[in-house]
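A.B. asks: Structure supplied as entry14.tsv; contents: TSV, C-alpha atoms.
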chain	number	residue	atom	x	y	z
G	846	MET	CA	170.06	43.84	126.31
G	847	SER	CA	169.64	45.04	122.74
G	848	ALA	CA	169.12	48.70	121.98
G	849	LEU	CA	165.75	49.90	120.72
G	850	THR	CA	164.97	52.85	118.52
G	851	GLU	CA	163.13	55.73	120.16
G	852	MET	CA	159.75	55.04	118.56
G	853	GLU	CA	159.98	51.24	118.89
G	854	ASP	CA	160.81	51.63	122.56
G	855	ALA	CA	157.98	54.01	123.37
G	856	GLN	CA	155.39	52.01	121.45
G	857	ARG	CA	156.49	48.72	122.99
G	858	VAL	CA	156.89	50.02	126.52
G	859	ILE	CA	153.89	52.33	126.87
G	860	TYR	CA	151.25	50.58	124.79
G	861	ARG	CA	152.17	46.91	125.14
G	862	SER	CA	148.72	46.10	126.56
G	863	ALA	CA	145.74	47.74	128.24
G	864	ASP	CA	146.59	46.10	131.56
G	865	TRP	CA	150.13	47.39	131.35
G	866	TYR	CA	149.00	50.93	130.51
G	867	ASP	CA	146.66	50.86	133.51
G	868	ARG	CA	149.51	49.79	135.76
G	869	LEU	CA	151.69	52.63	134.50
G	870	TYR	CA	148.92	55.16	135.12
G	871	PRO	CA	146.88	53.96	138.13
G	872	GLN	CA	146.01	57.58	138.93
G	873	ALA	CA	143.72	57.61	135.89
G	874	MET	CA	141.07	55.88	138.00
G	875	GLU	CA	141.23	58.74	140.48
G	876	TRP	CA	140.83	61.24	137.64
G	877	ALA	CA	137.76	59.37	136.43
G	878	GLN	CA	136.23	59.37	139.92
G	879	GLN	CA	136.92	63.08	140.34
G	880	SER	CA	135.29	63.86	137.00
G	881	LEU	CA	132.21	61.88	138.00
G	882	GLN	CA	131.97	63.83	141.28
G	883	ILE	CA	132.26	67.12	139.38
G	884	VAL	CA	129.54	66.10	136.94
G	885	LYS	CA	127.21	65.03	139.73
G	886	ALA	CA	127.81	68.29	141.58
G	887	HIS	CA	127.45	70.68	138.65
G	888	ALA	CA	125.29	69.10	135.95
G	889	ASP	CA	122.01	70.95	135.43
G	890	GLY	CA	119.98	67.77	135.37
G	891	TYR	CA	120.15	64.05	134.69
G	892	VAL	CA	123.28	63.15	132.72
G	893	GLU	CA	122.18	60.63	130.12
G	894	LYS	CA	124.97	60.84	127.53
G	895	VAL	CA	128.68	61.30	128.24
G	896	PHE	CA	131.48	61.73	125.69
G	897	ASP	CA	135.10	60.99	126.69
G	898	ILE	CA	137.72	62.66	124.48
G	899	GLY	CA	140.90	60.62	124.68
G	900	CYS	CA	139.21	57.71	126.42
G	901	GLY	CA	142.35	55.59	126.85
G	902	THR	CA	141.60	52.14	128.23
G	903	GLY	CA	138.01	53.08	129.10
G	904	ARG	CA	138.16	53.50	132.87
G	905	ALA	CA	136.07	56.68	132.86
G	906	LEU	CA	133.65	55.17	130.34
G	907	GLU	CA	133.13	52.18	132.61
G	908	LEU	CA	132.63	54.37	135.68
G	909	PHE	CA	130.05	56.64	134.05
G	910	GLN	CA	128.30	53.65	132.54
G	911	ARG	CA	128.00	52.01	135.96
G	912	ASN	CA	126.37	55.24	137.14
G	913	GLY	CA	123.63	55.05	134.54
G	914	ALA	CA	124.99	57.06	131.61
G	915	SER	CA	125.24	56.04	127.99
G	916	VAL	CA	128.87	56.57	127.01
G	917	TRP	CA	130.80	57.43	123.87
G	918	GLY	CA	134.57	57.60	123.58
G	919	VAL	CA	137.21	58.51	121.05
G	920	ASP	CA	140.96	58.01	121.03
G	921	ILE	CA	143.64	58.58	118.43
G	922	LEU	CA	145.42	55.30	119.26
G	923	PRO	CA	144.02	51.97	117.97
G	924	THR	CA	145.44	50.23	121.05
G	925	MET	CA	143.33	52.39	123.34
G	926	VAL	CA	140.20	52.07	121.20
G	927	ALA	CA	140.48	48.27	121.35
G	928	ALA	CA	141.02	48.40	125.13
G	929	SER	CA	137.97	50.61	125.69
G	930	LYS	CA	135.79	48.38	123.54
G	931	ALA	CA	136.95	45.33	125.49
G	932	ARG	CA	136.26	47.00	128.83
G	933	CYS	CA	132.91	48.52	127.80
G	934	PRO	CA	131.36	46.41	125.02
G	935	ASP	CA	128.17	48.49	125.11
G	936	ALA	CA	130.01	51.80	124.72
G	937	ASN	CA	130.26	53.63	121.42
G	938	VAL	CA	134.03	53.90	120.95
G	939	SER	CA	135.77	55.05	117.79
G	940	LEU	CA	139.15	56.02	116.42
G	941	GLY	CA	139.52	59.74	115.81
G	942	ASP	CA	141.28	63.05	116.29
G	943	MET	CA	139.77	65.52	118.75
G	944	CYS	CA	140.48	68.37	116.33
G	945	SER	CA	138.30	66.99	113.56
G	946	LEU	CA	135.60	64.72	114.99
G	947	ALA	CA	132.29	64.45	113.20
G	948	LEU	CA	129.55	62.61	115.12
G	949	ASP	CA	125.79	62.78	114.69
G	950	GLU	CA	125.28	63.06	118.44
G	951	THR	CA	125.02	65.70	121.14
G	952	PHE	CA	126.02	65.02	124.73
G	953	ASP	CA	125.03	66.19	128.19
G	954	THR	CA	128.66	66.06	129.31
G	955	ALA	CA	132.06	65.97	127.62
G	956	ILE	CA	135.16	65.00	129.57
G	957	SER	CA	138.84	65.03	128.65
G	958	LEU	CA	141.17	63.59	131.28
G	959	GLY	CA	144.89	62.93	131.68
G	960	SER	CA	146.06	66.13	129.94
G	961	VAL	CA	144.69	64.94	126.60
G	962	PHE	CA	143.59	68.51	125.83
G	963	ALA	CA	147.20	69.71	126.19
G	964	HIS	CA	148.07	67.84	123.01
G	965	ALA	CA	146.34	70.62	121.09
G	966	LEU	CA	149.70	72.23	120.48
G	967	THR	CA	148.76	75.24	118.35
G	968	ASP	CA	146.14	77.95	118.58
G	969	ALA	CA	144.45	76.38	115.55
G	970	ASP	CA	144.36	72.98	117.29
G	971	VAL	CA	142.89	74.51	120.45
G	972	GLN	CA	140.21	76.34	118.47
G	973	ALA	CA	139.40	73.23	116.43
G	974	THR	CA	139.14	71.07	119.56
G	975	LEU	CA	136.92	73.58	121.33
G	976	GLY	CA	134.82	73.78	118.18
G	977	THR	CA	134.43	70.00	118.26
G	978	ILE	CA	133.34	70.13	121.89
G	979	ALA	CA	130.89	72.98	121.21
G	980	ARG	CA	129.29	71.06	118.36
G	981	LEU	CA	128.94	67.87	120.37
G	982	THR	CA	127.78	69.26	123.73
G	983	ARG	CA	124.17	70.37	124.14
G	984	PRO	CA	123.35	73.92	125.31
G	985	GLY	CA	123.66	73.95	129.08
G	986	GLY	CA	125.84	70.86	129.00
G	987	LEU	CA	128.95	70.36	131.11
G	988	LEU	CA	132.61	70.17	130.08
G	989	VAL	CA	135.27	68.70	132.39
G	990	ILE	CA	138.88	69.14	131.24
G	991	HIS	CA	141.68	67.73	133.35
G	992	VAL	CA	145.06	69.19	132.38
G	993	LEU	CA	148.44	69.90	133.94
G	994	ASN	CA	148.55	73.39	135.43
G	995	GLY	CA	151.28	75.10	133.41
G	996	ALA	CA	151.89	77.67	136.13
G	997	ALA	CA	152.91	74.91	138.54
G	998	VAL	CA	155.99	73.88	136.52
G	999	PRO	CA	158.07	77.10	136.46
G	1000	ALA	CA	156.80	77.86	139.96
G	1001	GLY	CA	158.35	74.59	141.17
G	1002	ASP	CA	155.11	73.11	142.52
G	1003	VAL	CA	155.33	70.35	139.90
G	1004	LYS	CA	158.71	69.09	138.73
G	1005	PRO	CA	159.19	67.11	135.51
G	1006	GLU	CA	160.55	64.21	137.56
G	1007	ASP	CA	157.19	64.07	139.36
G	1008	LEU	CA	155.77	62.86	136.02
G	1009	SER	CA	157.94	59.73	135.98
G	1010	VAL	CA	156.07	56.42	135.79
G	1011	GLY	CA	156.94	52.78	136.34
G	1012	ALA	CA	155.59	49.28	136.82
G	1013	ARG	CA	156.57	45.63	137.03
G	1014	ALA	CA	156.27	43.46	133.91
G	1015	ASP	CA	157.04	39.80	133.26
G	1016	ASP	CA	160.42	40.70	131.79
G	1017	GLY	CA	161.50	43.15	134.50
G	1018	ASP	CA	160.86	46.40	136.32
G	1019	TYR	CA	160.34	49.36	134.02
G	1020	HIS	CA	160.81	52.99	135.02
G	1021	GLY	CA	160.20	55.97	132.76
G	1022	GLU	CA	162.39	58.75	134.15
G	1023	ALA	CA	160.93	62.11	133.14
G	1024	THR	CA	162.97	65.19	132.37
G	1025	GLY	CA	161.64	68.38	130.85
G	1026	ARG	CA	161.76	72.10	130.35
G	1027	ILE	CA	159.51	75.01	129.44
G	1028	ARG	CA	160.13	76.42	125.97
G	1029	ARG	CA	158.72	79.91	126.29
G	1030	ARG	CA	158.89	80.98	122.64
G	1031	ASP	CA	155.96	78.72	121.75
G	1032	SER	CA	154.53	77.93	125.20
G	1033	ARG	CA	155.52	74.27	125.33
G	1034	LEU	CA	156.37	71.95	128.16
G	1035	LEU	CA	158.79	69.55	126.50
G	1036	LEU	CA	158.81	66.30	128.42
G	1037	LYS	CA	161.07	63.38	127.64
G	1038	ARG	CA	161.08	59.99	129.34
G	1039	ILE	CA	164.15	57.77	129.42
G	1040	TRP	CA	163.12	54.18	130.01
G	1041	HIS	CA	165.09	51.90	132.29
G	1042	ARG	CA	164.59	48.20	132.75
G	1043	ASP	CA	165.81	46.57	135.98
G	1044	GLY	CA	167.74	49.73	136.82
G	1045	GLU	CA	169.92	49.69	133.72
G	1046	PRO	CA	170.61	53.13	132.23
G	1047	GLY	CA	168.02	53.33	129.50
G	1048	LEU	CA	166.64	51.01	126.86
G	1049	GLY	CA	169.17	51.92	124.23
G	1050	ARG	CA	168.66	55.55	123.27
G	1051	ALA	CA	166.95	58.23	125.26
G	1052	SER	CA	163.46	57.18	124.34
G	1053	ARG	CA	160.71	59.70	123.82
G	1054	ASP	CA	157.22	58.81	124.87
G	1055	PRO	CA	155.21	60.28	121.97
G	1056	SER	CA	152.11	60.64	124.08
G	1057	HIS	CA	154.00	62.99	126.40
G	1058	ASP	CA	156.53	64.59	124.07
G	1059	ALA	CA	155.12	68.12	124.13
G	1060	TYR	CA	152.39	69.87	126.04
G	1061	ARG	CA	150.96	73.26	125.19
G	1062	VAL	CA	151.05	75.51	128.24
G	1063	PRO	CA	148.57	78.31	127.44
G	1064	TRP	CA	149.28	80.00	130.77
G	1065	LEU	CA	152.70	81.05	129.46
G	1066	ALA	CA	151.17	82.74	126.46
G	1067	GLY	CA	148.86	84.88	128.58
G	1068	SER	CA	149.36	88.39	129.80
G	1069	ARG	CA	151.78	89.15	132.59
G	1070	ARG	CA	149.08	89.49	135.23
G	1071	PHE	CA	148.50	85.72	135.10
G	1072	ARG	CA	152.08	84.88	135.96
G	1073	ARG	CA	153.17	83.65	139.33
G	1074	PRO	CA	154.54	86.54	141.48
G	1075	GLY	CA	158.32	86.51	141.45
G	1076	TYR	CA	158.61	84.43	138.27
G	1077	ARG	CA	160.63	86.21	135.58
G	1078	ARG	CA	161.02	85.71	131.87
Kindly transcribe the structure held in the file into structure tokens.

C.D. replies:
Amino acid sequence: MSALTEMEDAQRVIYRSADWYDRLYPQAMEWAQQSLQIVKAHADGYVEKVFDIGCGTGRALELFQRNGASVWGVDILPTMVAASKARCPDANVSLGDMCSLALDETFDTAISLGSVFAHALTDADVQATLGTIARLTRPGGLLVIHVLNGAAVPAGDVKPEDLSVGARADDGDYHGEATGRIRRRDSRLLLKRIWHRDGEPGLGRASRDPSHDAYRVPWLAGSRRFRRPGYRR
């Protein structure tokens, strides 16, 4: 088996097709269903327009559309934009960065699932993303953000290895073995996946999945009162 460079490996393994991505992350359908339940429970009226930030392969778009909403989506990856358009031809899906979106629309609900929001790695990115959401969501609208709870990692409730993924492809069984650590100086969860095919020790080098390379963990940057009892610096 020939070795692959880190970026070639991640791009080929993670984003080889929409179907493959969905098999690697089947839990994304559960996240979409949970977000729909939250919106139905807490929206202040009929939800006509929904905006999905980091829409991926369009599973949430499809679900909200089936429940009567008009849907818009944005993703930074062309592969995901094409997948969402194929799944939801009537959706308004575009390529873009959540920090700098400019749309002539306002929405009843904005959602961001699968820890997409955690890719805002700096304070400036967080502020820019929240500014985007504020501009695009109507007064009284609803925001649903699904993100990894940073407190759960150092507390041991979530281990990096719990974030491993895998699926069967035509050319073998793939497993992305996750390892990671908290880097406290800049509040990052650094997560690296080493990809194995058919149990062999890695596809060449230790391959980084760029979509999961670093997460901002704002909880770590907060004041001490927010920290888990018994957890020390």

A.B. asks: Just how far from CA of Trp865 (chain G) is CA of Ala914 (chain G), in Å to one decimal?

C.D. replies: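 CA of Trp865 (chain G) lies 26.9 Å from CA of Ala914 (chain G).
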
A.B. asks: Go ahead and compute the interatomic distance for CA of Trp1040 (chain G) and CA of Asp942 (chain G), in Å to one decimal.

C.D. replies: 27.3 Å

A.B. asks: For region 881-910 of chain G versus region 954-961 of chain G, which residues have an atom no more than 8 Å away, and what is each residue's nearest atom pair and distance in Å rounded to one decimal, using only C-alpha atoms, chain-then-number order, as a Markdown table?

C.D. replies:
| residue | atom | partner | partner_atom | distance |
| --- | --- | --- | --- | --- |
| G:Val884 | CA | G:Thr954 | CA | 7.7 |
| G:Val892 | CA | G:Thr954 | CA | 7.0 |
| G:Lys894 | CA | G:Thr954 | CA | 6.6 |
| G:Val895 | CA | G:Thr954 | CA | 4.9 |
| G:Phe896 | CA | G:Ala955 | CA | 4.7 |
| G:Asp897 | CA | G:Ile956 | CA | 4.9 |
| G:Ile898 | CA | G:Ser957 | CA | 4.9 |
| G:Gly899 | CA | G:Val961 | CA | 6.1 |
| G:Cys900 | CA | G:Ser957 | CA | 7.7 |

A.B. asks: What would the file look like if the residues just selected were written as an mmCIF file, in the coordinates of the input with C-alpha atoms?

C.D. replies:
data_model
loop_
_atom_site.group_PDB
_atom_site.id
_atom_site.type_symbol
_atom_site.label_atom_id
_atom_site.label_comp_id
_atom_site.auth_asym_id
_atom_site.auth_seq_id
_atom_site.Cartn_x
_atom_site.Cartn_y
_atom_site.Cartn_z
ATOM 1 C CA VAL G 884 129.540 66.100 136.940
ATOM 2 C CA VAL G 892 123.280 63.150 132.720
ATOM 3 C CA LYS G 894 124.970 60.840 127.530
ATOM 4 C CA VAL G 895 128.680 61.300 128.240
ATOM 5 C CA PHE G 896 131.480 61.730 125.690
ATOM 6 C CA ASP G 897 135.100 60.990 126.690
ATOM 7 C CA ILE G 898 137.720 62.660 124.480
ATOM 8 C CA GLY G 899 140.900 60.620 124.680
ATOM 9 C CA CYS G 900 139.210 57.710 126.420
#

A.B. asks: When you draw a straight line from CA of Ile921 (chain G) to CA of Tyr870 (chain G), how long is it in Å?

C.D. replies: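 Computing it gives 17.8 Å between the two atoms.
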
A.B. asks: Env of Met943 (chain G): 10 Å cut, atoms = all atoms listed in the file, seq-sep filter 4 positions within chain, self excluded. Answer as a list in words.

C.D. replies: Ile898, Gly899, Val919, Asp920, Ile921, Ala947, Ser957, Val961, Phe962, His964, Ala965, Asp970, Val971, Ala973, Thr974, Leu975, Gly976, Thr977 and Ile978 of chain G

A.B. asks: Which is closer to Asp1015 (chain G) than all the others in G:Asp1043, G:Leu1034, G:Val1003, G:Gln972, using all atoms listed in the file?

C.D. replies: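 Of G:Asp1043, G:Leu1034, G:Val1003, G:Gln972, the one nearest Asp1015 (chain G) is G:Asp1043, counting all atoms listed in the file.
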
A.B. asks: From the list G:Arg932, G:Arg861, G:His991, G:Arg1028, which residue is nearest Ala1014 (chain G) when using all atoms listed in the file?

C.D. replies: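 Residue with the minimum atom-to-atom distance to Ala1014 (chain G): G:Arg861.
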
A.B. asks: Set the distance at 9 Å and use only C-alpha atoms: which residues neighbour region 907-911 of chain G once local chain neighbours fewer than 6 positions away are removed? I'd like the list as number ranges by chain.

C.D. replies: G: 874, 877-878, 881, 895, 929, 932-933, 936

A.B. asks: Excluding region 1007-1011 of chain G and residues on its chain fewer than 6 positions from it, collect all residues at most 9 Å away from it, counting all atoms listed in the file, and give them as a PyMOL selection string.

C.D. replies: chain G and resi 868-870+1018-1024+1036+1038+1040

A.B. asks: Produce a file of the selected residues containing C-alpha atoms, as a PDB file, in the frame of the given file.

C.D. replies:
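The file below, again_32.pdb, is the result:
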ATOM      1  CA  ARG G 868     149.510  49.790 135.760  1.00  0.00           C
ATOM      2  CA  LEU G 869     151.690  52.630 134.500  1.00  0.00           C
ATOM      3  CA  TYR G 870     148.920  55.160 135.120  1.00  0.00           C
ATOM      4  CA  ASP G1018     160.860  46.400 136.320  1.00  0.00           C
ATOM      5  CA  TYR G1019     160.340  49.360 134.020  1.00  0.00           C
ATOM      6  CA  HIS G1020     160.810  52.990 135.020  1.00  0.00           C
ATOM      7  CA  GLY G1021     160.200  55.970 132.760  1.00  0.00           C
ATOM      8  CA  GLU G1022     162.390  58.750 134.150  1.00  0.00           C
ATOM      9  CA  ALA G1023     160.930  62.110 133.140  1.00  0.00           C
ATOM     10  CA  THR G1024     162.970  65.190 132.370  1.00  0.00           C
ATOM     11  CA  LEU G1036     158.810  66.300 128.420  1.00  0.00           C
ATOM     12  CA  ARG G1038     161.080  59.990 129.340  1.00  0.00           C
ATOM     13  CA  TRP G1040     163.120  54.180 130.010  1.00  0.00           C
TER      14      TRP G1040
END

A.B. asks: Considering only C-alpha atoms, state which residue in the set G:Gly1017, G:Pro1005, G:Pro934, G:Gly918 is at the smallest distance from Lys1037 (chain G).

C.D. replies: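 Closest residue, counting only C-alpha atoms: G:Pro1005.
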